[in-house]
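Structure, as structure tokens:
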Amino acid sequence: MKDFTFDAYRLYLKTIQSTYKHILRFDEYLRLGRKPVSFAMIRHDIDRRPLKALRMARVENEMGIRSTYYFRVKPHVFKPSIIKAIKRLGHEIGYHYETLSDAMGDHASALKRFRQNLEMLRLYSRIDTICMHGRPFSPHNNLDLWRNPETRSRLTTNYRILGEIYLDIDYHDIAYITDTGRNWDQKRSNKRDVVDTNVLASLKNGMGLFHALKNKRWQKIIFQIHPERWSENESEYFIQFLNDTCVNLVKKVL
């Protein structure tokens with residue numbers, strides 16, 4: 001099986017669908033009082049190439065799956081027509097914020113930008129959850145914007161946000177499966193996209209991932225996917241492979 005292709009993604013989805021009774025969006029999960037004993041949540045970070053996200057959203061919709069798409073507010077990503085189209089397919093739209101990096105660590109400026117960007121997104125979709133963008137080459141960790149309890153309280157009171165998914169989910173018994181770095185190893189080529197979990201979910205390759213999902217190695221999973229990384233033809237595959245390889249080399253140097 002050739003990994004990081006749409007065919008491979010369909011296989012993963014089919015396996016998740018046959019194994020996990022509950023497939024939740026992040027807004028649905030945060031609204032639940034009593035959480036299911038077993039569940040899967042599928043999350044997409046739209047760092048670039050939003051059209052690829054729309055294609056992936058259509059695949060999920062055809063399979064009867066609803067997931068969550070976190071959009072950056074950058075000209076090459078913030079495409080209202082695509083955001084609205086993904087929303088119409090039944091998926092949740094969230095804000096993939098990076099304003100502390102944009103403001104070079106100035107918290108007051110970062111909060112102002114956050115509000116402005118959130119209001120822009122809300123012109124096209126309801127926004128209930130947010131997720132920091134790692135920005136591995138920035139010296140500033142965007143998650144630091146909400147570590148202060150006073151600032152954190154503004155999320156619900158001032159911004160009407162259910163939660164920041166790195167801070168408001170207890171991951172201790174959840175397997176966090178991510179394609180960051182074009183691999184399935186939590187610690188390899190992964191600078192900031194990490195959670196505090198007791199569940200090991202590092203795999204050698206896609207076949208290992210398939211068998212782990214099929215055999216339900218974990219009761220609870222978050223499947224974190226970057227649509228840009230997944231290809232529908234050979235040329236797309238080769239270009240993205242080169243791009244991911246170069247980025248991983250820079251991360252290793254840093």
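Ordering of the structure tokens sets the chain letters (A, B, ...); residue numbers start at 1 within each chain; ligands are numbered from 1 in the order shown.
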For region 26-92 of chain A versus region 176-179 of chain A, which residues have an atom no more than 10 Å away, and what is each residue's nearest atom pair and distance in Å rounded to one decimal, using only C-alpha atoms, chain-then-number order, as a tab-separated table?
```
residue	atom	partner	partner_atom	distance
A:Met41	CA	A:Tyr176	CA	9.8
A:Ile42	CA	A:Ile177	CA	9.7
A:Arg43	CA	A:Thr178	CA	9.4
A:His44	CA	A:Thr178	CA	9.9
```
Checklist line | Sel. of strand (DSSP E or B) residues, region 80-134 of chain A, as a PyMOL selection string | finding: chain A and resi 92-97+129-132
Checklist line | For region 164-168 of chain A: contacts at 7 Å, only C-alpha atoms, fewer than 5 positions along chain excluded, given as number ranges by chain | finding: A: 129-131, 195
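With only C-alpha atoms as the atoms that count, the minimum distance from Arg10 (chain A) to the choices A:Ile174, A:Ile169, A:Ile161, A:Ile65 is reached by A:Ile65.
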Notebook entry, point to check: When distances are computed from only C-alpha atoms, which of A:Arg126, A:Arg55, A:Lys2, A:Glu28 shows the smallest separation from Tyr237 (chain A)?
Noted result: A:Lys2
Next item on the list: Find the residues around Asp128 (chain A) up to 12 Å (only C-alpha atoms counted), leave out those fewer than 6 positions away in its own chain, and share them as JSON, numbers by chain.
Entry: {"A": [25, 26, 27, 28, 29, 30, 31, 68, 69, 70, 92, 93, 94, 95, 96, 118, 121, 122, 155, 156, 159, 160, 161, 162, 163, 164, 165]}
Margin query: Taking 2 positions as the minimum chain separation for residues in the same chain, which residues sit within 12 Å of Lys84 (chain A) when counting only C-alpha atoms? Answer as number ranges by chain.
Written below: A: 50, 54, 57, 69, 71, 78-82, 86-93, 121-126
Would you give me, as JSON lines, each residue of region 60-154 of chain A having an atom within 12 Å of an atom of region 15-20 of chain A, along with its shortest atom pair and that distance in Å to one decimal, using only C-alpha atoms and sorting by chain and residue number?
```
{"residue": "A:Glu60", "atom": "CA", "partner": "A:Gln17", "partner_atom": "CA", "distance": 10.6}
{"residue": "A:Met63", "atom": "CA", "partner": "A:Gln17", "partner_atom": "CA", "distance": 8.9}
{"residue": "A:Gly64", "atom": "CA", "partner": "A:Gln17", "partner_atom": "CA", "distance": 9.2}
{"residue": "A:Ile65", "atom": "CA", "partner": "A:Gln17", "partner_atom": "CA", "distance": 8.1}
{"residue": "A:Arg66", "atom": "CA", "partner": "A:Gln17", "partner_atom": "CA", "distance": 11.1}
```
Margin query: Nearest residue to Ile83 (chain A) out of A:Lys52, A:Arg217, A:His211, A:His172, using only C-alpha atoms?
Written below: A:Lys52
Next item on the list: Would you please work out which residue, of A:Lys14, A:His22, A:Arg152, A:Arg182, is nearest to Pro227 (chain A) when using only C-alpha atoms?
Entry: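 Closest candidate: A:Arg182.
Here CA of Tyr9 (chain A) stands at a distance of 15.7 Å from CA of Ile23 (chain A).
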Checklist line | Contacts of Asp144 (chain A) at 12 Å (only C-alpha atoms; same-chain gap of 4+ positions) as a PyMOL selection string | finding: chain A and resi 97-101+105-107+110-111+132-134+139-140+148-149+151-152+164+166-167+192
DSSP-assigned alpha helix (DSSP H) members of region 58-240 of chain A, reported as an mmCIF file with C-alpha atoms, in the first residue's frame:
```cif
data_model
loop_
_atom_site.group_PDB
_atom_site.id
_atom_site.type_symbol
_atom_site.label_atom_id
_atom_site.label_comp_id
_atom_site.auth_asym_id
_atom_site.auth_seq_id
_atom_site.Cartn_x
_atom_site.Cartn_y
_atom_site.Cartn_z
ATOM 1 C CA ARG A 58 -15.932 15.265 0.065
ATOM 2 C CA VAL A 59 -14.387 11.818 0.517
ATOM 3 C CA GLU A 60 -15.433 11.811 4.175
ATOM 4 C CA ASN A 61 -18.917 13.058 3.340
ATOM 5 C CA GLU A 62 -19.384 10.270 0.777
ATOM 6 C CA PRO A 80 -14.393 31.668 1.986
ATOM 7 C CA SER A 81 -15.929 29.582 -0.821
ATOM 8 C CA ILE A 82 -13.986 26.505 0.299
ATOM 9 C CA ILE A 83 -14.759 27.095 3.982
ATOM 10 C CA LYS A 84 -18.476 27.335 3.201
ATOM 11 C CA ALA A 85 -18.364 24.260 0.978
ATOM 12 C CA ILE A 86 -16.706 22.143 3.691
ATOM 13 C CA LYS A 87 -19.221 23.407 6.250
ATOM 14 C CA ARG A 88 -22.122 22.418 3.961
ATOM 15 C CA THR A 99 -1.200 35.282 16.121
ATOM 16 C CA LEU A 100 1.484 35.131 18.824
ATOM 17 C CA SER A 101 4.005 34.205 16.130
ATOM 18 C CA ASP A 102 2.605 36.890 13.811
ATOM 19 C CA HIS A 107 0.509 39.261 23.655
ATOM 20 C CA ALA A 108 -1.649 42.389 23.414
ATOM 21 C CA SER A 109 -1.171 42.596 19.656
ATOM 22 C CA ALA A 110 -1.691 38.827 19.333
ATOM 23 C CA LEU A 111 -5.041 38.996 21.145
ATOM 24 C CA LYS A 112 -6.192 41.862 18.930
ATOM 25 C CA ARG A 113 -5.269 39.926 15.804
ATOM 26 C CA PHE A 114 -6.946 36.826 17.202
ATOM 27 C CA ARG A 115 -10.250 38.661 17.622
ATOM 28 C CA GLN A 116 -10.046 40.196 14.139
ATOM 29 C CA ASN A 117 -9.294 36.863 12.480
ATOM 30 C CA LEU A 118 -11.995 35.068 14.445
ATOM 31 C CA GLU A 119 -14.558 37.643 13.343
ATOM 32 C CA MET A 120 -13.478 37.172 9.714
ATOM 33 C CA LEU A 121 -13.919 33.411 9.943
ATOM 34 C CA PRO A 149 -5.592 31.776 33.444
ATOM 35 C CA GLU A 150 -6.986 35.304 33.048
ATOM 36 C CA THR A 151 -6.425 35.316 29.310
ATOM 37 C CA ARG A 152 -7.689 31.752 29.033
ATOM 38 C CA SER A 153 -11.004 32.692 30.634
ATOM 39 C CA ARG A 154 -11.618 35.128 27.780
ATOM 40 C CA LEU A 155 -12.026 32.241 25.351
ATOM 41 C CA THR A 156 -15.482 31.442 26.658
ATOM 42 C CA THR A 157 -16.550 34.881 27.918
ATOM 43 C CA GLY A 206 1.168 2.947 7.126
ATOM 44 C CA MET A 207 0.764 -0.808 7.177
ATOM 45 C CA GLY A 208 1.484 -0.779 10.895
ATOM 46 C CA LEU A 209 -1.140 1.935 11.300
ATOM 47 C CA PHE A 210 -3.698 -0.060 9.313
ATOM 48 C CA HIS A 211 -3.254 -3.173 11.435
ATOM 49 C CA ALA A 212 -3.343 -1.152 14.678
ATOM 50 C CA LEU A 213 -6.648 0.437 13.639
ATOM 51 C CA LYS A 214 -8.089 -2.850 12.398
ATOM 52 C CA GLU A 234 2.013 10.528 -9.009
ATOM 53 C CA SER A 235 3.107 14.106 -9.724
ATOM 54 C CA GLU A 236 1.386 15.411 -6.581
ATOM 55 C CA TYR A 237 2.965 12.599 -4.594
ATOM 56 C CA PHE A 238 6.490 13.339 -5.806
ATOM 57 C CA ILE A 239 6.226 17.112 -5.228
ATOM 58 C CA GLN A 240 4.848 16.720 -1.708
#
```
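In this structure, CA of Thr5 (chain A) sits 13.4 Å away from CA of Asn205 (chain A).
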Next item on the list: Using only C-alpha atoms, find the one residue out of A:Met56, A:Phe241, A:Ser138, A:Ile46 that sits nearest to Phe6 (chain A).
Entry: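 Checking each of A:Met56, A:Phe241, A:Ser138, A:Ile46 against Phe6 (chain A), counting only C-alpha atoms, the winner is A:Met56.
The coordinates place CA of Thr197 (chain A) at 24.5 Å from CA of Phe137 (chain A).
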Next item on the list: Could you check which of A:Leu143, A:Ala53, A:Cys246, A:Arg48 is closest to His76 (chain A), using only C-alpha atoms?
Entry: A:Arg48
